[in-house]
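Text of entry.pdb (PDB, C-alpha atoms and all ligand atoms) as supplied:
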MODEL        1
ATOM      1  CA  MET A   1     -27.676   3.885  -5.944
ATOM      2  CA  VAL A   2     -30.265   6.518  -6.944
ATOM      3  CA  THR A   3     -29.706  10.129  -5.973
ATOM      4  CA  LEU A   4     -32.856  12.215  -5.495
ATOM      5  CA  VAL A   5     -32.470  15.910  -6.186
ATOM      6  CA  ASN A   6     -34.895  18.590  -5.004
ATOM      7  CA  THR A   7     -35.087  20.855  -8.040
ATOM      8  CA  LEU A   8     -37.124  23.481  -6.084
ATOM      9  CA  ASP A   9     -34.208  24.001  -3.732
ATOM     10  CA  PRO A  10     -32.528  27.347  -4.613
ATOM     11  CA  ASN A  11     -29.196  25.817  -3.607
ATOM     12  CA  HIS A  12     -29.713  22.971  -6.029
ATOM     13  CA  LYS A  13     -27.932  24.682  -8.916
ATOM     14  CA  SER A  14     -24.858  25.552  -6.921
ATOM     15  CA  GLN A  15     -24.814  22.086  -5.291
ATOM     16  CA  THR A  16     -24.980  20.456  -8.702
ATOM     17  CA  ALA A  17     -22.279  22.782 -10.021
ATOM     18  CA  SER A  18     -19.948  21.990  -7.145
ATOM     19  CA  ALA A  19     -20.620  18.246  -7.518
ATOM     20  CA  MET A  20     -19.762  18.562 -11.213
ATOM     21  CA  GLN A  21     -16.624  20.561 -10.426
ATOM     22  CA  GLU A  22     -15.595  17.861  -7.973
ATOM     23  CA  LYS A  23     -16.164  15.229 -10.670
ATOM     24  CA  GLU A  24     -14.223  17.217 -13.240
ATOM     25  CA  ARG A  25     -11.399  18.031 -10.859
ATOM     26  CA  PRO A  26      -8.338  16.152 -12.091
ATOM     27  CA  ARG A  27      -7.433  13.142  -9.967
ATOM     28  CA  HIS A  28      -3.860  14.470  -9.759
ATOM     29  CA  PRO A  29      -4.027  18.292 -10.016
ATOM     30  CA  GLU A  30      -0.285  18.641  -9.337
ATOM     31  CA  LYS A  31       0.520  16.458 -12.345
ATOM     32  CA  ALA A  32      -1.956  17.994 -14.818
ATOM     33  CA  HIS A  33       0.569  20.533 -16.190
ATOM     34  CA  ARG A  34       3.343  17.982 -16.648
ATOM     35  CA  PRO A  35       4.413  16.853 -20.112
ATOM     36  CA  ASP A  36       3.008  13.529 -21.270
ATOM     37  CA  ASN A  37       5.087  10.355 -20.879
ATOM     38  CA  PRO A  38       3.658   7.801 -23.317
ATOM     39  CA  VAL A  39       2.663   4.579 -21.534
ATOM     40  CA  GLN A  40       4.801   1.730 -22.877
ATOM     41  CA  ARG A  41       3.461  -1.638 -23.965
ATOM     42  CA  LYS A  42       4.051  -4.218 -21.247
ATOM     43  CA  PRO A  43       6.198  -7.289 -21.913
ATOM     44  CA  LYS A  44       4.412 -10.635 -22.080
ATOM     45  CA  TRP A  45       5.386 -11.630 -18.545
ATOM     46  CA  ILE A  46       3.363  -8.724 -17.109
ATOM     47  CA  ARG A  47       0.003  -9.399 -18.788
ATOM     48  CA  VAL A  48      -2.795 -10.629 -16.510
ATOM     49  CA  LYS A  49      -6.245 -12.055 -17.239
ATOM     50  CA  ALA A  50      -9.431 -10.013 -16.768
ATOM     51  CA  PRO A  51     -11.282 -11.052 -13.588
ATOM     52  CA  THR A  52     -14.373 -13.223 -14.098
ATOM     53  CA  SER A  53     -14.714 -15.562 -11.099
ATOM     54  CA  PRO A  54     -17.867 -15.545  -8.910
ATOM     55  CA  VAL A  55     -15.709 -15.045  -5.776
ATOM     56  CA  TYR A  56     -14.229 -11.929  -7.385
ATOM     57  CA  LYS A  57     -17.773 -10.586  -7.814
ATOM     58  CA  GLU A  58     -18.635 -11.488  -4.219
ATOM     59  CA  THR A  59     -15.577  -9.582  -2.926
ATOM     60  CA  HIS A  60     -16.529  -6.630  -5.127
ATOM     61  CA  GLU A  61     -20.048  -6.584  -3.640
ATOM     62  CA  LEU A  62     -18.740  -6.800  -0.055
ATOM     63  CA  VAL A  63     -16.394  -3.884  -0.662
ATOM     64  CA  ARG A  64     -19.211  -1.774  -2.132
ATOM     65  CA  LYS A  65     -21.787  -2.773   0.505
ATOM     66  CA  ASN A  66     -19.451  -1.817   3.355
ATOM     67  CA  ASN A  67     -18.367   1.412   1.651
ATOM     68  CA  LEU A  68     -14.726   0.371   1.817
ATOM     69  CA  VAL A  69     -11.815   1.847  -0.082
ATOM     70  CA  THR A  70      -9.258  -0.662  -1.344
ATOM     71  CA  VAL A  71      -5.771   0.026  -2.565
ATOM     72  CA  CYS A  72      -6.410  -2.764  -5.080
ATOM     73  CA  GLU A  73      -8.770  -0.445  -6.969
ATOM     74  CA  GLU A  74      -7.256   2.925  -6.106
ATOM     75  CA  ALA A  75      -3.805   1.917  -7.268
ATOM     76  CA  GLY A  76      -5.134   0.033 -10.323
ATOM     77  CA  CYS A  77      -3.308  -3.098  -9.132
ATOM     78  CA  PRO A  78      -2.739  -5.722 -11.861
ATOM     79  CA  ASN A  79      -3.319  -8.570  -9.367
ATOM     80  CA  ILE A  80      -6.894  -7.639  -8.498
ATOM     81  CA  GLY A  81      -8.392 -10.569 -10.460
ATOM     82  CA  GLU A  82      -6.236 -13.116  -8.652
ATOM     83  CA  CYS A  83      -6.467 -11.578  -5.156
ATOM     84  CA  TRP A  84     -10.191 -10.824  -5.127
ATOM     85  CA  SER A  85     -10.912 -14.301  -6.483
ATOM     86  CA  LYS A  86      -9.271 -15.584  -3.280
ATOM     87  CA  LYS A  87     -11.123 -13.007  -1.138
ATOM     88  CA  HIS A  88      -7.914 -11.154  -0.432
ATOM     89  CA  ALA A  89      -8.160  -7.370  -0.508
ATOM     90  CA  SER A  90      -6.091  -4.574   1.006
ATOM     91  CA  PHE A  91      -8.133  -1.935   2.739
ATOM     92  CA  MET A  92      -7.170   1.695   2.491
ATOM     93  CA  ILE A  93      -8.176   3.736   5.534
ATOM     94  CA  LEU A  94      -8.315   7.476   6.250
ATOM     95  CA  GLY A  95     -10.114   8.304   3.006
ATOM     96  CA  ASP A  96      -9.259   8.144  -0.680
ATOM     97  CA  THR A  97      -7.320  11.406  -0.996
ATOM     98  CA  CYS A  98      -3.588  11.686  -0.287
ATOM     99  CA  THR A  99      -1.715  14.805   0.861
ATOM    100  CA  ARG A 100       1.487  13.806  -0.976
ATOM    101  CA  ALA A 101       2.144  13.779  -4.705
ATOM    102  CA  CYS A 102       4.430  10.845  -5.466
ATOM    103  CA  ALA A 103       5.235  10.554  -9.158
ATOM    104  CA  PHE A 104       4.409   6.816  -9.353
ATOM    105  CA  CYS A 105       1.138   6.683  -7.448
ATOM    106  CA  ASN A 106      -2.385   6.608  -8.828
ATOM    107  CA  VAL A 107      -4.210   7.434  -5.582
ATOM    108  CA  ARG A 108      -6.187  10.712  -5.761
ATOM    109  CA  THR A 109      -4.294  13.727  -4.361
ATOM    110  CA  GLY A 110      -5.586  16.891  -2.682
ATOM    111  CA  MET A 111      -7.001  17.988   0.646
ATOM    112  CA  PRO A 112      -8.737  15.028   2.336
ATOM    113  CA  GLY A 113     -12.034  15.257   4.225
ATOM    114  CA  PRO A 114     -12.500  14.596   7.948
ATOM    115  CA  VAL A 115     -11.624  11.159   9.326
ATOM    116  CA  ASP A 116     -14.587   8.738   9.356
ATOM    117  CA  GLN A 117     -14.846   7.696  13.008
ATOM    118  CA  ASN A 118     -17.045   4.716  12.058
ATOM    119  CA  GLU A 119     -14.395   3.306   9.769
ATOM    120  CA  PRO A 120     -12.679   1.027  12.342
ATOM    121  CA  GLU A 121     -15.993  -0.716  13.066
ATOM    122  CA  SER A 122     -16.861  -1.041   9.349
ATOM    123  CA  ILE A 123     -13.460  -2.569   8.595
ATOM    124  CA  GLY A 124     -13.791  -4.948  11.569
ATOM    125  CA  LYS A 125     -17.217  -6.094  10.340
ATOM    126  CA  ALA A 126     -16.009  -6.539   6.762
ATOM    127  CA  VAL A 127     -12.981  -8.582   7.857
ATOM    128  CA  ALA A 128     -15.238 -10.818   9.984
ATOM    129  CA  SER A 129     -17.881 -11.275   7.278
ATOM    130  CA  MET A 130     -15.235 -12.057   4.649
ATOM    131  CA  GLY A 131     -13.682 -14.589   7.056
ATOM    132  CA  LEU A 132     -10.174 -13.262   6.369
ATOM    133  CA  GLU A 133      -7.247 -15.120   7.920
ATOM    134  CA  HIS A 134      -4.867 -12.255   7.212
ATOM    135  CA  VAL A 135      -5.645  -8.655   6.351
ATOM    136  CA  VAL A 136      -3.552  -5.781   5.024
ATOM    137  CA  ILE A 137      -4.464  -2.278   6.157
ATOM    138  CA  THR A 138      -2.883   0.671   4.438
ATOM    139  CA  SER A 139      -3.687   4.366   4.161
ATOM    140  CA  VAL A 140      -3.174   7.521   2.219
ATOM    141  CA  ASP A 141      -0.653  10.009   3.645
ATOM    142  CA  ARG A 142      -2.413  12.318   6.091
ATOM    143  CA  ASP A 143       0.106  15.101   6.676
ATOM    144  CA  ASP A 144      -2.864  17.287   7.680
ATOM    145  CA  LEU A 145      -3.476  15.278  10.896
ATOM    146  CA  ASP A 146      -1.437  15.898  14.062
ATOM    147  CA  ASP A 147      -0.466  12.238  14.383
ATOM    148  CA  GLY A 148      -0.519  11.460  10.647
ATOM    149  CA  GLY A 149      -3.421   9.064  11.258
ATOM    150  CA  ALA A 150      -1.536   6.803  13.716
ATOM    151  CA  THR A 151      -4.375   6.719  16.269
ATOM    152  CA  HIS A 152      -6.815   5.747  13.534
ATOM    153  CA  PHE A 153      -4.529   2.873  12.520
ATOM    154  CA  ALA A 154      -4.510   1.754  16.174
ATOM    155  CA  ASN A 155      -8.320   1.982  16.343
ATOM    156  CA  VAL A 156      -8.694  -0.097  13.178
ATOM    157  CA  ILE A 157      -6.340  -2.772  14.570
ATOM    158  CA  ALA A 158      -8.357  -2.883  17.826
ATOM    159  CA  ALA A 159     -11.672  -3.132  15.930
ATOM    160  CA  ILE A 160     -10.401  -6.041  13.812
ATOM    161  CA  ARG A 161      -9.071  -7.851  16.896
ATOM    162  CA  LYS A 162     -12.515  -7.483  18.488
ATOM    163  CA  ALA A 163     -14.582  -8.527  15.456
ATOM    164  CA  SER A 164     -12.285 -11.257  14.184
ATOM    165  CA  PRO A 165      -9.745 -12.291  16.848
ATOM    166  CA  LYS A 166      -8.075 -14.983  14.736
ATOM    167  CA  THR A 167      -7.264 -12.708  11.799
ATOM    168  CA  THR A 168      -3.613 -11.698  11.601
ATOM    169  CA  ILE A 169      -3.045  -8.040  10.786
ATOM    170  CA  GLU A 170      -0.460  -6.416   8.568
ATOM    171  CA  VAL A 171      -0.207  -2.625   8.423
ATOM    172  CA  LEU A 172       1.410  -0.786   5.549
ATOM    173  CA  THR A 173       1.909   2.705   6.895
ATOM    174  CA  PRO A 174       2.975   6.081   5.555
ATOM    175  CA  ASP A 175       6.233   7.540   6.870
ATOM    176  CA  PHE A 176       4.607   9.788   9.548
ATOM    177  CA  LEU A 177       7.250  12.389   8.685
ATOM    178  CA  ARG A 178       7.483  15.089  11.365
ATOM    179  CA  LYS A 179       4.766  13.363  13.481
ATOM    180  CA  GLU A 180       6.522  12.759  16.775
ATOM    181  CA  GLY A 181       5.289   9.611  18.574
ATOM    182  CA  ALA A 182       3.179   8.307  15.659
ATOM    183  CA  VAL A 183       5.075   5.087  14.996
ATOM    184  CA  GLU A 184       4.989   4.283  18.731
ATOM    185  CA  ILE A 185       1.162   4.503  18.692
ATOM    186  CA  VAL A 186       0.891   1.999  15.827
ATOM    187  CA  VAL A 187       3.424  -0.445  17.313
ATOM    188  CA  ALA A 188       1.634  -0.321  20.686
ATOM    189  CA  ALA A 189      -1.535  -1.565  18.911
ATOM    190  CA  LYS A 190       0.422  -4.755  18.089
ATOM    191  CA  PRO A 191      -0.099  -5.492  14.405
ATOM    192  CA  ASP A 192       1.471  -8.814  13.380
ATOM    193  CA  VAL A 193       3.478  -7.254  10.550
ATOM    194  CA  PHE A 194       4.636  -3.647  10.258
ATOM    195  CA  ASN A 195       5.282  -2.745   6.648
ATOM    196  CA  HIS A 196       6.604   0.534   5.346
ATOM    197  CA  ASN A 197       7.692   0.713   1.728
ATOM    198  CA  MET A 198      10.930   2.437   0.702
ATOM    199  CA  GLU A 199       9.470   2.479  -2.859
ATOM    200  CA  THR A 200      12.773   3.293  -4.624
ATOM    201  CA  VAL A 201      16.508   3.939  -4.216
ATOM    202  CA  PRO A 202      17.696   7.209  -2.604
ATOM    203  CA  SER A 203      18.885   8.852  -5.846
ATOM    204  CA  ASN A 204      15.289   8.740  -7.136
ATOM    205  CA  TYR A 205      13.631  10.266  -4.092
ATOM    206  CA  LEU A 206      13.501  13.895  -5.237
ATOM    207  CA  LYS A 207      11.691  13.083  -8.449
ATOM    208  CA  VAL A 208       9.759   9.938  -7.484
ATOM    209  CA  ARG A 209       8.886  10.440  -3.809
ATOM    210  CA  PRO A 210       9.544  14.154  -3.247
ATOM    211  CA  GLY A 211       7.628  14.503   0.042
ATOM    212  CA  ALA A 212       9.581  11.704   1.749
ATOM    213  CA  ARG A 213      13.124  11.303   3.096
ATOM    214  CA  TYR A 214      15.041   8.072   2.477
ATOM    215  CA  PHE A 215      16.811   7.879   5.839
ATOM    216  CA  HIS A 216      13.675   8.804   7.725
ATOM    217  CA  SER A 217      11.953   5.733   6.200
ATOM    218  CA  ILE A 218      14.896   3.478   7.100
ATOM    219  CA  ARG A 219      14.891   4.910  10.608
ATOM    220  CA  LEU A 220      11.135   4.332  10.978
ATOM    221  CA  LEU A 221      11.582   0.628  10.238
ATOM    222  CA  GLN A 222      14.514   0.431  12.636
ATOM    223  CA  ARG A 223      12.455   2.159  15.335
ATOM    224  CA  VAL A 224       9.697  -0.474  15.051
ATOM    225  CA  LYS A 225      12.247  -3.194  15.872
ATOM    226  CA  GLU A 226      13.716  -1.140  18.735
ATOM    227  CA  ILE A 227      10.284  -0.832  20.348
ATOM    228  CA  ASP A 228       9.218  -4.418  19.720
ATOM    229  CA  PRO A 229      11.991  -6.772  18.574
ATOM    230  CA  GLU A 230       9.429  -9.559  18.024
ATOM    231  CA  MET A 231       7.335  -7.607  15.527
ATOM    232  CA  PHE A 232       7.866  -8.639  11.911
ATOM    233  CA  THR A 233       8.965  -5.768   9.675
ATOM    234  CA  LYS A 234       8.632  -5.580   5.946
ATOM    235  CA  SER A 235       9.487  -3.160   3.160
ATOM    236  CA  GLY A 236       9.229  -3.010  -0.597
ATOM    237  CA  ILE A 237      10.550  -1.308  -3.680
ATOM    238  CA  MET A 238       9.565  -0.972  -7.294
ATOM    239  CA  VAL A 239      12.147  -1.419 -10.023
ATOM    240  CA  GLY A 240      11.942   0.108 -13.493
ATOM    241  CA  LEU A 241      12.251   3.681 -12.217
ATOM    242  CA  GLY A 242      15.787   4.231 -13.498
ATOM    243  CA  GLU A 243      17.641   2.757 -10.525
ATOM    244  CA  GLU A 244      21.084   1.155 -10.841
ATOM    245  CA  ARG A 245      21.527  -2.445  -9.716
ATOM    246  CA  ASN A 246      24.201  -1.421  -7.186
ATOM    247  CA  GLU A 247      21.788   1.062  -5.633
ATOM    248  CA  VAL A 248      19.255  -1.728  -5.112
ATOM    249  CA  LEU A 249      21.919  -3.821  -3.388
ATOM    250  CA  GLN A 250      22.879  -0.870  -1.160
ATOM    251  CA  LEU A 251      19.202  -0.380  -0.257
ATOM    252  CA  MET A 252      19.016  -4.044   0.753
ATOM    253  CA  ASP A 253      22.011  -3.491   3.067
ATOM    254  CA  ASP A 254      20.374  -0.390   4.588
ATOM    255  CA  LEU A 255      17.209  -2.408   5.305
ATOM    256  CA  ARG A 256      19.221  -5.203   6.887
ATOM    257  CA  VAL A 257      20.969  -2.678   9.157
ATOM    258  CA  ALA A 258      17.438  -1.748  10.282
ATOM    259  CA  ASP A 259      16.825  -5.489  10.839
ATOM    260  CA  VAL A 260      13.955  -5.658   8.333
ATOM    261  CA  ASP A 261      12.694  -9.232   7.923
ATOM    262  CA  PHE A 262      10.870  -9.237   4.619
ATOM    263  CA  LEU A 263      11.641  -7.551   1.293
ATOM    264  CA  THR A 264       9.352  -7.227  -1.725
ATOM    265  CA  VAL A 265      10.588  -6.176  -5.165
ATOM    266  CA  GLY A 266       8.100  -5.588  -7.996
ATOM    267  CA  GLN A 267       7.924  -3.932 -11.403
ATOM    268  CA  TYR A 268       6.800  -0.296 -11.509
ATOM    269  CA  LEU A 269       3.876   0.167 -13.907
ATOM    270  CA  GLN A 270       2.947   3.635 -15.128
ATOM    271  CA  PRO A 271      -0.701   4.410 -14.265
ATOM    272  CA  THR A 272      -1.222   7.314 -16.730
ATOM    273  CA  LYS A 273       0.779   9.412 -19.194
ATOM    274  CA  LYS A 274       1.176  12.071 -16.480
ATOM    275  CA  HIS A 275       3.053   9.693 -14.168
ATOM    276  CA  HIS A 276       6.745   8.838 -14.051
ATOM    277  CA  PRO A 277       7.724   6.806 -17.128
ATOM    278  CA  VAL A 278       8.768   3.175 -16.874
ATOM    279  CA  MET A 279      12.515   3.272 -17.573
ATOM    280  CA  ASN A 280      12.926  -0.479 -18.107
ATOM    281  CA  PHE A 281      11.299  -3.863 -17.571
ATOM    282  CA  PRO A 282      13.791  -6.141 -15.785
ATOM    283  CA  THR A 283      13.289  -9.752 -16.881
ATOM    284  CA  PRO A 284      11.977 -12.477 -14.546
ATOM    285  CA  ASP A 285      15.567 -13.787 -14.321
ATOM    286  CA  GLU A 286      16.808 -10.405 -13.098
ATOM    287  CA  PHE A 287      14.132 -10.503 -10.385
ATOM    288  CA  LYS A 288      15.283 -13.995  -9.428
ATOM    289  CA  ALA A 289      18.830 -12.678  -9.092
ATOM    290  CA  TYR A 290      17.611  -9.914  -6.742
ATOM    291  CA  GLU A 291      15.779 -12.540  -4.704
ATOM    292  CA  LYS A 292      18.883 -14.700  -4.387
ATOM    293  CA  ILE A 293      21.061 -11.769  -3.317
ATOM    294  CA  ALA A 294      18.464 -10.555  -0.802
ATOM    295  CA  TYR A 295      18.309 -13.990   0.849
ATOM    296  CA  ALA A 296      22.104 -14.022   0.990
ATOM    297  CA  LYS A 297      21.988 -10.678   2.781
ATOM    298  CA  GLY A 298      19.865 -12.225   5.519
ATOM    299  CA  PHE A 299      16.200 -11.360   4.860
ATOM    300  CA  LEU A 300      13.919 -14.046   6.298
ATOM    301  CA  LYS A 301      11.539 -13.762   3.355
ATOM    302  CA  VAL A 302      11.882 -12.232  -0.108
ATOM    303  CA  SER A 303       9.298 -11.868  -2.828
ATOM    304  CA  ALA A 304      10.778 -10.576  -6.062
ATOM    305  CA  ASN A 305       8.988 -10.920  -9.359
ATOM    306  CA  PRO A 306       7.454  -8.506 -11.842
ATOM    307  CA  LEU A 307       3.948  -8.796 -10.333
ATOM    308  CA  THR A 308       5.034  -8.637  -6.693
ATOM    309  CA  ARG A 309       3.136  -6.013  -4.725
ATOM    310  CA  SER A 310       3.627  -5.556  -1.005
ATOM    311  CA  SER A 311       0.223  -7.057  -0.223
ATOM    312  CA  HIS A 312       0.282  -9.796  -2.884
ATOM    313  CA  HIS A 313       0.000 -13.257  -1.257
ATOM    314  CA  ALA A 314       0.455 -11.482   2.087
ATOM    315  CA  GLY A 315      -1.292 -14.261   4.049
ATOM    316  CA  GLU A 316       0.792 -17.126   2.624
ATOM    317  CA  ASP A 317       3.946 -15.010   2.907
ATOM    318  CA  PHE A 318       3.233 -14.279   6.567
ATOM    319  CA  ALA A 319       3.013 -18.010   7.306
ATOM    320  CA  GLU A 320       6.378 -18.531   5.557
ATOM    321  CA  LEU A 321       7.870 -15.592   7.441
ATOM    322  CA  LYS A 322       6.899 -17.101  10.797
ATOM    323  CA  ALA A 323       8.245 -20.503   9.747
ATOM    324  CA  ALA A 324      11.538 -18.930   8.599
ATOM    325  CA  ARG A 325      12.030 -17.197  11.955
ATOM    326  CA  LYS A 326      11.293 -20.416  13.828
ATOM    327  CA  ALA A 327      13.778 -22.319  11.677
ATOM    328  CA  LYS A 328      16.426 -19.651  12.241
ATOM    329  CA  GLN A 329      15.881 -19.752  15.985
ATOM    330  CA  GLY A 330      16.183 -23.542  15.793
ATOM    331  CA  ASN A 331      12.753 -24.461  17.186
TER     332      ASN A 331
HETATM  333  S1  LIG B 401      -1.623  -7.303  -4.722
HETATM  334 FE1  LIG B 401      -2.424  -6.114  -2.992
HETATM  335  S2  LIG B 401      -3.238  -4.247  -3.912
HETATM  336 FE2  LIG B 401      -2.982  -5.753  -5.563
HETATM  337  S3  LIG B 401      -5.003  -6.739  -5.706
HETATM  338 FE3  LIG B 401      -3.728  -7.998  -4.356
HETATM  339  S4  LIG B 401      -4.249  -7.243  -2.314
HETATM  340 FE4  LIG B 401      -4.943  -5.702  -3.736
ENDMDL
END

Take the structure in this file and express it as structure tokens.
Ligand code: SF4
Amino acid sequence: MVTLVNTLDPNHKSQTASAMQEKERPRHPEKAHRPDNPVQRKPKWIRVKAPTSPVYKETHELVRKNNLVTVCEEAGCPNIGECWSKKHASFMILGDTCTRACAFCNVRTGMPGPVDQNEPESIGKAVASMGLEHVVITSVDRDDLDDGGATHFANVIAAIRKASPKTTIEVLTPDFLRKEGAVEIVVAAKPDVFNHNMETVPSNYLKVRPGARYFHSIRLLQRVKEIDPEMFTKSGIMVGLGEERNEVLQLMDDLRVADVDFLTVGQYLQPTKKHHPVMNFPTPDEFKAYEKIAYAKGFLKVSANPLTRSSHHAGEDFAELKAARKAKQGN
């Protein structure tokens, strides 16, 4: 893209200065003053190959052409090469700036701009032109909006249904803390899967997820099932943030009390030296043990390995989730 600048415009200087300020503004102003936490070398089971496939490039072009924001890029996801090579991307709606300041997250923080009212249609078109069978829609936290962005989620779901009726839709929502009625709006739009990530165990909340409340998140997931018992619910955590094994097992029990169907457990990776440090790298066998325990606790589907992300293999996992429910119901 070429930007033309009118150098005779008296406002030009100040416009350029503010554009430069915006560019120089730290991505995470609230973390800029924090001491550095050196980023540790990853163990061999975490390394991934650089993306090269032509389909990856095609997905990249589609995302750019439609002006879409993806969590794959914003979060610096290690699976981007694999997912984009299969034309699987997770779209991030409601802008690229988050009103929270979680210690693990690489999404830009600050005061977001106005909601793009054309976004539902753009997402619908992109989903149709990519021919997606299953799509994951997530968003930044929008504590500045009266409904936390719930109506926009509902509009995006409706636009996808219209443009691509066969695509199944998974939403990964914020916690809508103190936004009365928000979760009801999203459930009424009938996504196929309602995902809300717990992210970590309760003892970590104050330092890792300070703007959120553990029991509010559990309650949100429980509320989804109360409103629509048929809707699949899903939640995920990262390990490597200093949690104790027993705390992870307790969290699994709390999610089962809320009747959550699907649990994801992945390794936390530190995006920059200003983010929360990685406290440990559980081995693939330790992940397998979590998976086994979670199945024993009654989850219909569990994905637990170092590279698990809540949207990784979401399409295949959704098919398995449906099959697991059918098998449990005996039909
Ligand atoms: S795991 Fe999710 S966020 Fe990561 S690249 Fe795949 S779709 Fe994107």

Which residues form the shell of 10 Å around ligand LIG 401 (chain B) when you count only C-alpha atoms and all ligand atoms, given as a PyMOL selection string?
-> chain A and resi 70-92+135-138+307-315

What's the 12 Å shell around Gly181 of chain A, counting all atoms listed in the file, without same-chain residues fewer than 5 positions away, as a ChimeraX atom specification? /A:146-151,175-176,186-188,220,223-224,227

Identify, on the basis of all atoms listed in the file, every residue whose closest approach to Asn37 of chain A does not exceed 12 Å; exclude the query and any residue fewer than 6 positions from it along the same chain; express the result as a PyMOL selection string. chain A and resi 31+103+270-279

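Comparing A:Lys44, A:Arg142, A:Lys57, A:Arg100 by their smallest distance to His28 of chain A, the closest is A:Arg100 (using all atoms listed in the file).
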
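Going from atom CA of Glu230 of chain A to atom CA of Ile157 of chain A covers 17.5 Å.
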
| said: Expand the PyMOL selection byres (((chain A and resi 283) around 12) and not hetatm) into the explicit residue set it covers here, and present it as a PyMOL selection string. | reply: chain A and resi 42-46+239-240+266-267+280-282+284-290+304-307

Please evaluate the PyMOL selection byres (((chain A and resi 159) around 12) and not hetatm) against the structure above and give the resulting residues as a PyMOL selection string.
chain A and resi 117-128+152-158+160-165+167+169+189+191

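Among A:Pro114, A:Arg219, A:Tyr268, A:Arg213, the residue with the shortest atom-to-atom distance to Arg256 of chain A, counting all atoms listed in the file, is A:Arg219.
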
Pairwise distance, atom CA of Leu172 of chain A with atom CA of Glu244 of chain A, equals 25.7 Å

* To do: Identify, on the basis of all atoms listed in the file, every residue whose closest approach to Gln222 of chain A does not exceed 9 Å; exclude the query and any residue fewer than 2 positions from it along the same chain; express the result as a PyMOL selection string.
  => chain A and resi 217-220+224-227+233+255+257-260

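Of the listed residues (A:Val140, A:Leu251, A:Leu145, A:Val201), A:Val140 comes nearest to Thr109 of chain A; the distances count only C-alpha atoms.
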
With 5 Å added on each side, what axis-aligned box encloses every listed atom of segment 134-138 of chain A? Give the centre and edge lengths in Å to one decimal, as lines of an AutoDock Vina configuration file.
center_x = -4.3
center_y = -5.8
center_z = 5.8
size_x = 12.8
size_y = 22.9
size_z = 12.8

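For the pair atom CA of Glu180 of chain A and atom CA of Asp254 of chain A, the separation is 22.7 Å.
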
Exercise. Tell me which residues the PyMOL selection byres (((chain A and resi 328) around 12) and not hetatm) grabs here, as a PyMOL selection string.
Key: chain A and resi 261+298-301+321-327+329-331

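Closest approach to Val55 of chain A among A:Glu30, A:Cys102, A:Val39, A:Met130 is made by A:Met130 (distances from all atoms listed in the file).
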
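Here the question is which of A:Val183, A:Ala296, A:Leu241, A:Val265 gets nearest to Asp253 of chain A using all atoms listed in the file, and that residue is A:Ala296.
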
Among A:Val248, A:Cys98, A:Ile185, A:Leu221, Thr200 of chain A is approached most closely, using only C-alpha atoms, by A:Val248

task = Would you list the contacts of Pro174 of chain A as a PyMOL selection string, taking every protein, DNA or RNA residue within 8 Å and counting all atoms listed in the file, but skipping same-chain residues closer than 6 positions in sequence?
result = chain A and resi 139-141+196
